[in-house]
file final_35.pdb (PDB, C-alpha atoms)
MODEL        1
ATOM      1  CA  MET A 244       0.000   0.000   0.000
ATOM      2  CA  LYS A 245       1.226   3.478  -0.884
ATOM      3  CA  LEU A 246       0.201   6.715   0.831
ATOM      4  CA  SER A 247      -0.262  10.101  -0.816
ATOM      5  CA  VAL A 248      -1.749  13.490  -0.009
ATOM      6  CA  PHE A 249      -4.554  15.223  -1.912
ATOM      7  CA  THR A 250      -3.616  18.896  -1.915
ATOM      8  CA  VAL A 251      -7.187  20.051  -1.323
ATOM      9  CA  VAL A 252      -6.354  19.425   2.369
ATOM     10  CA  THR A 253      -3.244  21.622   2.346
ATOM     11  CA  PRO A 254      -4.621  25.000   1.207
ATOM     12  CA  ASP A 255      -2.142  26.976   3.311
ATOM     13  CA  LEU A 256       0.961  25.342   1.784
ATOM     14  CA  THR A 257       2.574  26.313  -1.480
ATOM     15  CA  PRO A 258       3.471  23.445  -3.838
ATOM     16  CA  GLU A 259       7.110  23.872  -2.838
ATOM     17  CA  GLU A 260       6.221  23.566   0.858
ATOM     18  CA  LEU A 261       3.844  20.674   0.248
ATOM     19  CA  VAL A 262       6.372  18.333  -1.369
ATOM     20  CA  LEU A 263       8.843  18.921   1.463
ATOM     21  CA  ALA A 264       6.150  18.210   4.062
ATOM     22  CA  ALA A 265       5.053  15.074   2.215
ATOM     23  CA  LYS A 266       8.629  13.834   2.016
ATOM     24  CA  GLU A 267       9.169  14.482   5.729
ATOM     25  CA  ALA A 268       5.935  12.635   6.563
ATOM     26  CA  GLY A 269       7.142   9.576   4.678
ATOM     27  CA  LEU A 270       4.461   9.705   1.995
ATOM     28  CA  ASP A 271       4.897   8.146  -1.417
ATOM     29  CA  GLY A 272       3.091  10.588  -3.679
ATOM     30  CA  VAL A 273       1.025  13.681  -4.364
ATOM     31  CA  GLU A 274      -2.495  14.020  -5.714
ATOM     32  CA  TRP A 275      -2.652  17.520  -7.173
ATOM     33  CA  ARG A 276      -5.894  19.492  -6.935
ATOM     34  CA  PHE A 277      -6.697  20.730 -10.473
ATOM     35  CA  LYS A 278      -8.788  23.850  -9.976
ATOM     36  CA  GLU A 279      -8.339  27.583 -10.423
ATOM     37  CA  VAL A 280      -8.567  30.023  -7.510
ATOM     38  CA  PRO A 281     -11.742  32.109  -8.007
ATOM     39  CA  PRO A 282     -11.204  35.726  -9.136
ATOM     40  CA  GLY A 283     -10.769  37.983  -6.137
ATOM     41  CA  ALA A 284     -10.115  35.101  -3.714
ATOM     42  CA  ALA A 285      -6.339  35.521  -3.683
ATOM     43  CA  SER A 286      -6.625  38.114  -0.913
ATOM     44  CA  GLU A 287      -8.659  35.755   1.286
ATOM     45  CA  LYS A 288      -7.365  33.471   4.008
ATOM     46  CA  PRO A 289      -6.294  30.104   2.522
ATOM     47  CA  SER A 290      -9.179  27.621   2.417
ATOM     48  CA  PHE A 291     -10.001  24.181   1.018
ATOM     49  CA  TRP A 292     -12.375  25.275  -1.745
ATOM     50  CA  SER A 293     -11.440  28.894  -2.487
ATOM     51  CA  ASN A 294      -7.956  30.351  -2.021
ATOM     52  CA  ASN A 295      -6.146  27.030  -2.118
ATOM     53  CA  LEU A 296      -2.447  27.772  -2.546
ATOM     54  CA  CYS A 297      -1.652  24.181  -3.515
ATOM     55  CA  SER A 298      -3.730  23.796  -6.676
ATOM     56  CA  ILE A 299      -2.869  23.585 -10.358
ATOM     57  CA  ASP A 300      -4.717  26.195 -12.398
ATOM     58  CA  PRO A 301      -6.111  24.352 -15.465
ATOM     59  CA  SER A 302      -5.423  27.412 -17.619
ATOM     60  CA  LEU A 303      -1.651  27.311 -17.059
ATOM     61  CA  PRO A 304       0.430  26.659 -20.173
ATOM     62  CA  ALA A 305       2.032  23.220 -20.338
ATOM     63  CA  ASP A 306       5.547  24.457 -19.578
ATOM     64  CA  GLN A 307       4.368  26.050 -16.315
ATOM     65  CA  MET A 308       2.480  22.901 -15.280
ATOM     66  CA  GLN A 309       5.694  20.916 -15.624
ATOM     67  CA  LYS A 310       6.959  22.368 -12.347
ATOM     68  CA  PHE A 311       4.413  20.307 -10.385
ATOM     69  CA  LYS A 312       5.941  17.106 -11.750
ATOM     70  CA  ASP A 313       9.469  18.380 -11.186
ATOM     71  CA  LEU A 314       8.742  19.382  -7.584
ATOM     72  CA  ALA A 315       7.352  15.951  -6.753
ATOM     73  CA  LEU A 316      10.113  13.992  -8.466
ATOM     74  CA  ALA A 317      12.803  16.097  -6.779
ATOM     75  CA  GLN A 318      11.577  14.715  -3.450
ATOM     76  CA  GLY A 319      11.182  11.154  -4.719
ATOM     77  CA  LEU A 320       7.383  11.431  -4.832
ATOM     78  CA  GLU A 321       5.007  10.040  -7.441
ATOM     79  CA  VAL A 322       2.379  12.166  -9.137
ATOM     80  CA  VAL A 323      -0.475   9.852  -8.225
ATOM     81  CA  SER A 324      -3.402  11.784  -9.672
ATOM     82  CA  ILE A 325      -4.602  14.984 -11.242
ATOM     83  CA  THR A 326      -7.899  15.633  -9.484
ATOM     84  CA  PRO A 327     -10.328  18.085 -11.100
ATOM     85  CA  TYR A 328     -14.036  18.810 -10.699
ATOM     86  CA  LEU A 329     -15.761  17.501 -13.826
ATOM     87  CA  ASN A 330     -19.346  16.920 -12.708
ATOM     88  CA  HIS A 331     -20.616  18.981 -15.646
ATOM     89  CA  LEU A 332     -19.434  15.980 -17.739
ATOM     90  CA  ASP A 333     -17.719  18.108 -20.365
ATOM     91  CA  LEU A 334     -15.616  15.889 -22.634
ATOM     92  CA  LYS A 335     -13.349  18.704 -23.850
ATOM     93  CA  ASP A 336     -12.406  19.585 -20.268
ATOM     94  CA  THR A 337     -11.979  15.897 -19.476
ATOM     95  CA  GLU A 338      -9.546  15.411 -22.335
ATOM     96  CA  HIS A 339      -7.574  18.447 -21.148
ATOM     97  CA  VAL A 340      -7.149  16.751 -17.765
ATOM     98  CA  PHE A 341      -6.134  13.436 -19.372
ATOM     99  CA  ARG A 342      -3.557  15.254 -21.482
ATOM    100  CA  THR A 343      -2.188  17.101 -18.471
ATOM    101  CA  ALA A 344      -2.018  13.892 -16.453
ATOM    102  CA  ARG A 345       0.016  12.179 -19.154
ATOM    103  CA  GLU A 346       2.414  15.121 -19.348
ATOM    104  CA  LEU A 347       2.884  15.157 -15.567
ATOM    105  CA  GLY A 348       3.231  11.391 -15.298
ATOM    106  CA  ALA A 349       0.056  10.891 -13.250
ATOM    107  CA  LYS A 350      -1.470   7.429 -13.036
ATOM    108  CA  MET A 351      -5.104   8.549 -12.844
ATOM    109  CA  ILE A 352      -7.589  11.409 -12.980
ATOM    110  CA  ARG A 353     -10.936  11.898 -11.270
ATOM    111  CA  LEU A 354     -13.827  11.839 -13.723
ATOM    112  CA  GLY A 355     -17.211  13.471 -13.318
ATOM    113  CA  VAL A 356     -20.526  12.018 -12.205
ATOM    114  CA  ALA A 357     -23.885  13.754 -12.525
ATOM    115  CA  GLY A 358     -25.129  15.473  -9.396
ATOM    116  CA  TYR A 359     -28.414  14.486  -7.796
ATOM    117  CA  ASN A 360     -30.755  16.694  -5.747
ATOM    118  CA  GLY A 361     -34.118  15.156  -6.607
ATOM    119  CA  THR A 362     -35.082  17.613  -9.329
ATOM    120  CA  SER A 363     -34.009  15.401 -12.255
ATOM    121  CA  ASP A 364     -34.809  11.757 -12.897
ATOM    122  CA  TYR A 365     -32.049   9.403 -11.753
ATOM    123  CA  ASN A 366     -32.411   7.178 -14.806
ATOM    124  CA  GLU A 367     -31.807  10.084 -17.184
ATOM    125  CA  LEU A 368     -28.771  11.190 -15.177
ATOM    126  CA  TYR A 369     -27.492   7.615 -15.138
ATOM    127  CA  ASP A 370     -27.741   7.309 -18.923
ATOM    128  CA  LYS A 371     -26.019  10.680 -19.396
ATOM    129  CA  THR A 372     -23.172   9.755 -17.044
ATOM    130  CA  LEU A 373     -22.739   6.326 -18.622
ATOM    131  CA  ARG A 374     -22.398   7.852 -22.089
ATOM    132  CA  TYR A 375     -19.778  10.207 -20.648
ATOM    133  CA  LEU A 376     -17.867   7.356 -19.000
ATOM    134  CA  LYS A 377     -17.786   5.321 -22.203
ATOM    135  CA  GLU A 378     -16.216   8.286 -24.004
ATOM    136  CA  ALA A 379     -13.813   8.825 -21.099
ATOM    137  CA  GLU A 380     -12.819   5.167 -21.274
ATOM    138  CA  GLN A 381     -11.625   5.679 -24.836
ATOM    139  CA  MET A 382      -9.592   8.688 -23.692
ATOM    140  CA  ALA A 383      -8.109   6.625 -20.851
ATOM    141  CA  LYS A 384      -6.926   4.067 -23.408
ATOM    142  CA  GLN A 385      -5.541   6.787 -25.663
ATOM    143  CA  TYR A 386      -3.599   8.640 -22.956
ATOM    144  CA  GLY A 387      -2.590   5.663 -20.824
ATOM    145  CA  VAL A 388      -4.154   7.193 -17.693
ATOM    146  CA  LYS A 389      -6.921   5.578 -15.635
ATOM    147  CA  GLY A 390     -10.172   7.479 -15.057
ATOM    148  CA  ILE A 391     -11.855   7.052 -11.672
ATOM    149  CA  ILE A 392     -15.197   8.126 -10.216
ATOM    150  CA  GLU A 393     -15.562   8.994  -6.540
ATOM    151  CA  THR A 394     -18.199   7.801  -4.109
ATOM    152  CA  HIS A 395     -19.608  11.214  -3.238
ATOM    153  CA  HIS A 396     -22.747  12.529  -1.607
ATOM    154  CA  GLY A 397     -24.946  14.705  -3.794
ATOM    155  CA  THR A 398     -24.203  12.649  -6.910
ATOM    156  CA  ILE A 399     -25.683   9.541  -8.497
ATOM    157  CA  ALA A 400     -22.721   7.554  -7.111
ATOM    158  CA  PRO A 401     -22.854   8.084  -3.327
ATOM    159  CA  SER A 402     -22.194   4.399  -2.566
ATOM    160  CA  ALA A 403     -19.975   1.588  -3.766
ATOM    161  CA  GLY A 404     -23.055  -0.148  -5.168
ATOM    162  CA  LEU A 405     -24.185   2.791  -7.290
ATOM    163  CA  ALA A 406     -20.635   3.577  -8.385
ATOM    164  CA  HIS A 407     -20.193  -0.060  -9.417
ATOM    165  CA  ARG A 408     -23.410   0.079 -11.451
ATOM    166  CA  LEU A 409     -21.768   2.787 -13.568
ATOM    167  CA  VAL A 410     -18.230   1.458 -13.936
ATOM    168  CA  SER A 411     -19.286  -2.165 -14.497
ATOM    169  CA  HIS A 412     -19.963  -1.249 -18.135
ATOM    170  CA  CYS A 413     -16.278  -0.362 -18.585
ATOM    171  CA  SER A 414     -12.990  -2.213 -18.272
ATOM    172  CA  PRO A 415     -11.322  -2.000 -14.835
ATOM    173  CA  ASP A 416      -8.060  -1.540 -16.722
ATOM    174  CA  HIS A 417      -9.201   1.947 -17.709
ATOM    175  CA  ILE A 418     -12.067   2.992 -15.417
ATOM    176  CA  GLY A 419     -12.217   2.533 -11.648
ATOM    177  CA  VAL A 420     -13.623   3.826  -8.380
ATOM    178  CA  LEU A 421     -12.198   6.182  -5.795
ATOM    179  CA  TYR A 422     -13.663   4.823  -2.553
ATOM    180  CA  ASP A 423     -14.283   7.618  -0.020
ATOM    181  CA  PRO A 424     -15.853   6.299   3.200
ATOM    182  CA  GLY A 425     -15.810   9.803   4.700
ATOM    183  CA  ASN A 426     -18.215  10.986   2.022
ATOM    184  CA  MET A 427     -20.381   7.953   2.685
ATOM    185  CA  ILE A 428     -20.997   9.159   6.236
ATOM    186  CA  HIS A 429     -23.032  11.957   4.604
ATOM    187  CA  GLU A 430     -24.809   9.667   2.147
ATOM    188  CA  GLY A 431     -24.369   6.202   0.683
ATOM    189  CA  PHE A 432     -23.312   4.180   3.732
ATOM    190  CA  GLU A 433     -22.923   0.457   3.128
ATOM    191  CA  HIS A 434     -21.075  -2.279   4.946
ATOM    192  CA  SER A 435     -17.511  -1.436   3.917
ATOM    193  CA  ARG A 436     -16.397  -5.034   3.430
ATOM    194  CA  MET A 437     -19.352  -5.739   1.157
ATOM    195  CA  GLY A 438     -18.692  -2.583  -0.871
ATOM    196  CA  LEU A 439     -15.023  -3.382  -1.341
ATOM    197  CA  GLN A 440     -15.811  -6.970  -2.314
ATOM    198  CA  LEU A 441     -18.300  -5.698  -4.869
ATOM    199  CA  LEU A 442     -15.849  -3.233  -6.392
ATOM    200  CA  GLY A 443     -13.133  -5.860  -6.705
ATOM    201  CA  PRO A 444     -10.822  -4.889  -9.601
ATOM    202  CA  TYR A 445     -12.581  -1.536  -9.990
ATOM    203  CA  LEU A 446     -11.180  -0.309  -6.649
ATOM    204  CA  ALA A 447      -8.437   2.081  -7.736
ATOM    205  CA  HIS A 448      -7.863   4.567  -4.915
ATOM    206  CA  VAL A 449      -9.068   5.442  -1.414
ATOM    207  CA  HIS A 450      -9.548   8.802   0.311
ATOM    208  CA  ILE A 451      -9.278   8.964   4.092
ATOM    209  CA  LYS A 452     -10.525  11.859   6.206
ATOM    210  CA  ASN A 453     -12.350  12.623   9.432
ATOM    211  CA  ALA A 454     -16.153  12.613   9.235
ATOM    212  CA  GLU A 455     -18.975  11.883  11.656
ATOM    213  CA  TRP A 456     -22.754  11.854  11.515
ATOM    214  CA  VAL A 457     -24.313  14.152  14.101
ATOM    215  CA  ARG A 458     -27.999  14.453  14.955
ATOM    216  CA  GLU A 459     -28.918  18.137  15.307
TER     217      GLU A 459
ENDMDL
END
call {"tool": "encode", "arguments": {"input": "final_35.pdb", "output": "structure tokens"}}
result
Amino acid sequence: MKLSVFTVVTPDLTPEELVLAAKEAGLDGVEWRFKEVPPGAASEKPSFWSNNLCSIDPSLPADQMQKFKDLALAQGLEVVSITPYLNHLDLKDTEHVFRTARELGAKMIRLGVAGYNGTSDYNELYDKTLRYLKEAEQMAKQYGVKGIIETHHGTIAPSAGLAHRLVSHCSPDHIGVLYDPGNMIHEGFEHSRMGLQLLGPYLAHVHIKNAEWVRE
């Protein structure tokens, strides 16, 4: 088992500081957050979702993105993943992430899954997401980078079972699941052993974080 850090959780560290901290902690790799800082947020206090100092701006030219690979390799760290936010299921944006991942030597990227809030029919969202995943699978083959979907509340894949229903139409060589039990505290809880057994070869990555369910 190898351990890495997803830089969404280190918003107050620069990329240069992050790789040193990861090396000191004995980690094996870095999962780079792939998201721009919103206009005007640079003056704010560092935060997970806004002024995150440890993110790759998708609009950076390729030569400037190269530094994120170089920083990791200089500390003996792998670039495990390029992790964007693709829940709008845009194939052009998805290919941009695949291309970036290949250039930076990343093994995988996080793909999108349709959101769910009860206003749209699940079956329609399922069909739309499946069409997207089949196209993404072809990109994964082309670029040599695995695409993974995350078990996440507020989407049509909050559980291992519903994530498996989507990815089971694809090859586990190219499409997999990012299992996030912390998210499943919010929504999608299943017996973890059963979920992992179900995913089998589709299990590609795991996120670990603190989460608890509290009755208000």
call {"tool": "resolve_selection", "arguments": {"input": "final_35.pdb", "expression": "the PyMOL selection byres ((chain A and resi 365-382) around 9)", "output": "ChimeraX atom specification"}}
result
/A:332-334,337-338,341,354-359,361,363-364,383-390,399,409-410,412-414,417-418
call {"tool": "resolve_selection", "arguments": {"input": "final_35.pdb", "expression": "the PyMOL selection byres ((chain A and resi 449) around 6)", "output": "count of residues only"}}
result
5
call {"tool": "resolve_selection", "arguments": {"input": "final_35.pdb", "expression": "the PyMOL selection byres ((chain A and resi 426) around 12)", "output": "ChimeraX atom specification"}}
result
/A:393-398,400-403,421-425,427-433,449-456
call {"tool": "closest_residue", "arguments": {"input": "final_35.pdb", "among": "A:His339, A:Val280, A:Asn294, A:Leu270", "to": "A:Pro254", "atoms": "all atoms listed in the file"}}
result
A:Asn294
call {"tool": "atom_distance", "arguments": {"input": "final_35.pdb", "atom1": "atom CA of A:Phe291", "atom2": "atom CA of A:Phe249"}}
result
10.9 Å
call {"tool": "residues_around", "arguments": {"input": "final_35.pdb", "residues": "A:Ser290", "least_positions_apart": "2", "cutoff": "10 Å", "atoms": "all atoms listed in the file", "output": "list in words"}}
result
Val251, Val252, Thr253, Pro254, Asp255, Ala284, Glu287, Lys288, Trp292, Ser293, Asn294, Asn295 and Leu296 of chain A
call {"tool": "closest_residue", "arguments": {"input": "final_35.pdb", "among": "A:Val273, A:Leu256, A:Val248, A:Leu347", "to": "A:Asp306", "atoms": "all atoms listed in the file"}}
result
A:Leu347
call {"tool": "closest_residue", "arguments": {"input": "final_35.pdb", "among": "A:Gly419, A:Gly283, A:Gly272, A:Pro258", "to": "A:Leu246", "atoms": "all atoms listed in the file"}}
result
A:Gly272
call {"tool": "closest_residue", "arguments": {"input": "final_35.pdb", "among": "A:Ala406, A:Leu320, A:Leu303, A:Ile391", "to": "A:Gly269", "atoms": "all atoms listed in the file"}}
result
A:Leu320
call {"tool": "residues_around", "arguments": {"input": "final_35.pdb", "residues": "A:Leu441", "least_positions_apart": "3", "cutoff": "8 Å", "atoms": "all atoms listed in the file", "output": "PyMOL selection string"}}
result
chain A and resi 403-404+407+437-438
